[in-house]
Amino acid sequence: MEEKFDPLVAEWFAFVKNPNFNLVEKCLKFAQILEYPDLNVDDYIKKISKIGMSLKESINDVKNPTYLISMLNEHLFENLGFSGDDDDYYNPKNNFLNEVIDKKSGIPITLSILYAEVAKFVGLDLKIAGFPGHILVKYNEEMILDPFYDGRLVDIDDLQEILDVNFGGELEFQPEYLDEVKPEQILVRMTRNLKNSYVQSFVYDKALRCVNMVLAIEPESPEDIRDKGILEDRMLNYDVALKYLNKYLEINPNAEDVDFILELIRSIKSKN
């Protein structure tokens, strides 16, 4: 069975690679392509601008970054009521910036994108750090902030605690975990998050589209090649599933899940 061309994936790839659009515009395009075809990107740009301008108008001429971050936190989390969505963390909507703006809650990655964007209105150049399992924001190297928890300042102990919660105590903190991630990497990570949310909701067709979106950008990613094979099997596209599962074993022959993948291949062949 030949793979079908997906014009939405092609449109997404072209948008991601276009340097004329910033991260926020690409995040909103992401939402438009996947769930909200009638979404007006400009309307949400204006909503973010309104948040940023009202912050700017509320502060004096002090340029101290600690003061500015304190005012940013007060504005977003106390005055406007943004918060991390602990109650429904894996809801797919938490990956869409328009939803986060409307319902004023989200997950670390979407809240960090909004947080860093609003900070620009008061001259703060915040960087998004690709911390494993929990995106963070940093000012230079000395201030690490967690927009999921009201922009709190985190230290090494907090960072290790985040790793322990997400990885069962099997991951030790490394300084490179706080390295800045570029927009394309952020978009890939957000797409993978959404894929996982769709899989948990058994929405396999949309999960597969997310995998294809990632593979358009990172075509040799073993994790996504494997997941495409698994999802193609669930969509009953057995020939395509075998192609990608075999490719996964070729590029990652010592993977921890080799036995599972081999058994899946045997199962598909018995049906095919």
# chains A, B, ... in the order shown; residues from 1 in each chain; ligands from 1
>>> residues_around(residues="region 43-60 of chain A", least_positions_apart="2", cutoff="9 Å", atoms="only C-alpha atoms", output="PyMOL selection string")
chain A and resi 24-25+28+39-41+62-63+68+71-72+75-76+80+97-98+101+114+117-122
>>> select_by_dssp(residues="region 39-250 of chain A", states="strand (DSSP E or B)", output="JSON, numbers by chain")
{"A": [83, 84, 105, 106, 127, 128, 129, 136, 137, 138, 139, 143, 144, 145, 146, 152, 153, 180]}
>>> closest_residue(among="A:Phe260, A:Phe167, A:Phe148, A:Phe5", to="Asn94 (chain A)", atoms="only C-alpha atoms")
A:Phe148
>>> residues_around(residues="region 210-216 of chain A", least_positions_apart="2", cutoff="10 Å", atoms="only C-alpha atoms", output="JSON, numbers by chain")
{"A": [6, 8, 9, 10, 11, 12, 13, 14, 30, 34, 185, 187, 188, 189, 190, 191, 192, 193, 194, 195, 196, 198, 204, 205, 206, 207, 208, 218, 219, 220, 221, 222, 223, 224, 225, 226, 227, 228, 229, 231]}
>>> closest_residue(among="A:Asn95, A:Thr66, A:Asp88, A:Ile107", to="Ile144 (chain A)", atoms="only C-alpha atoms")
A:Thr66
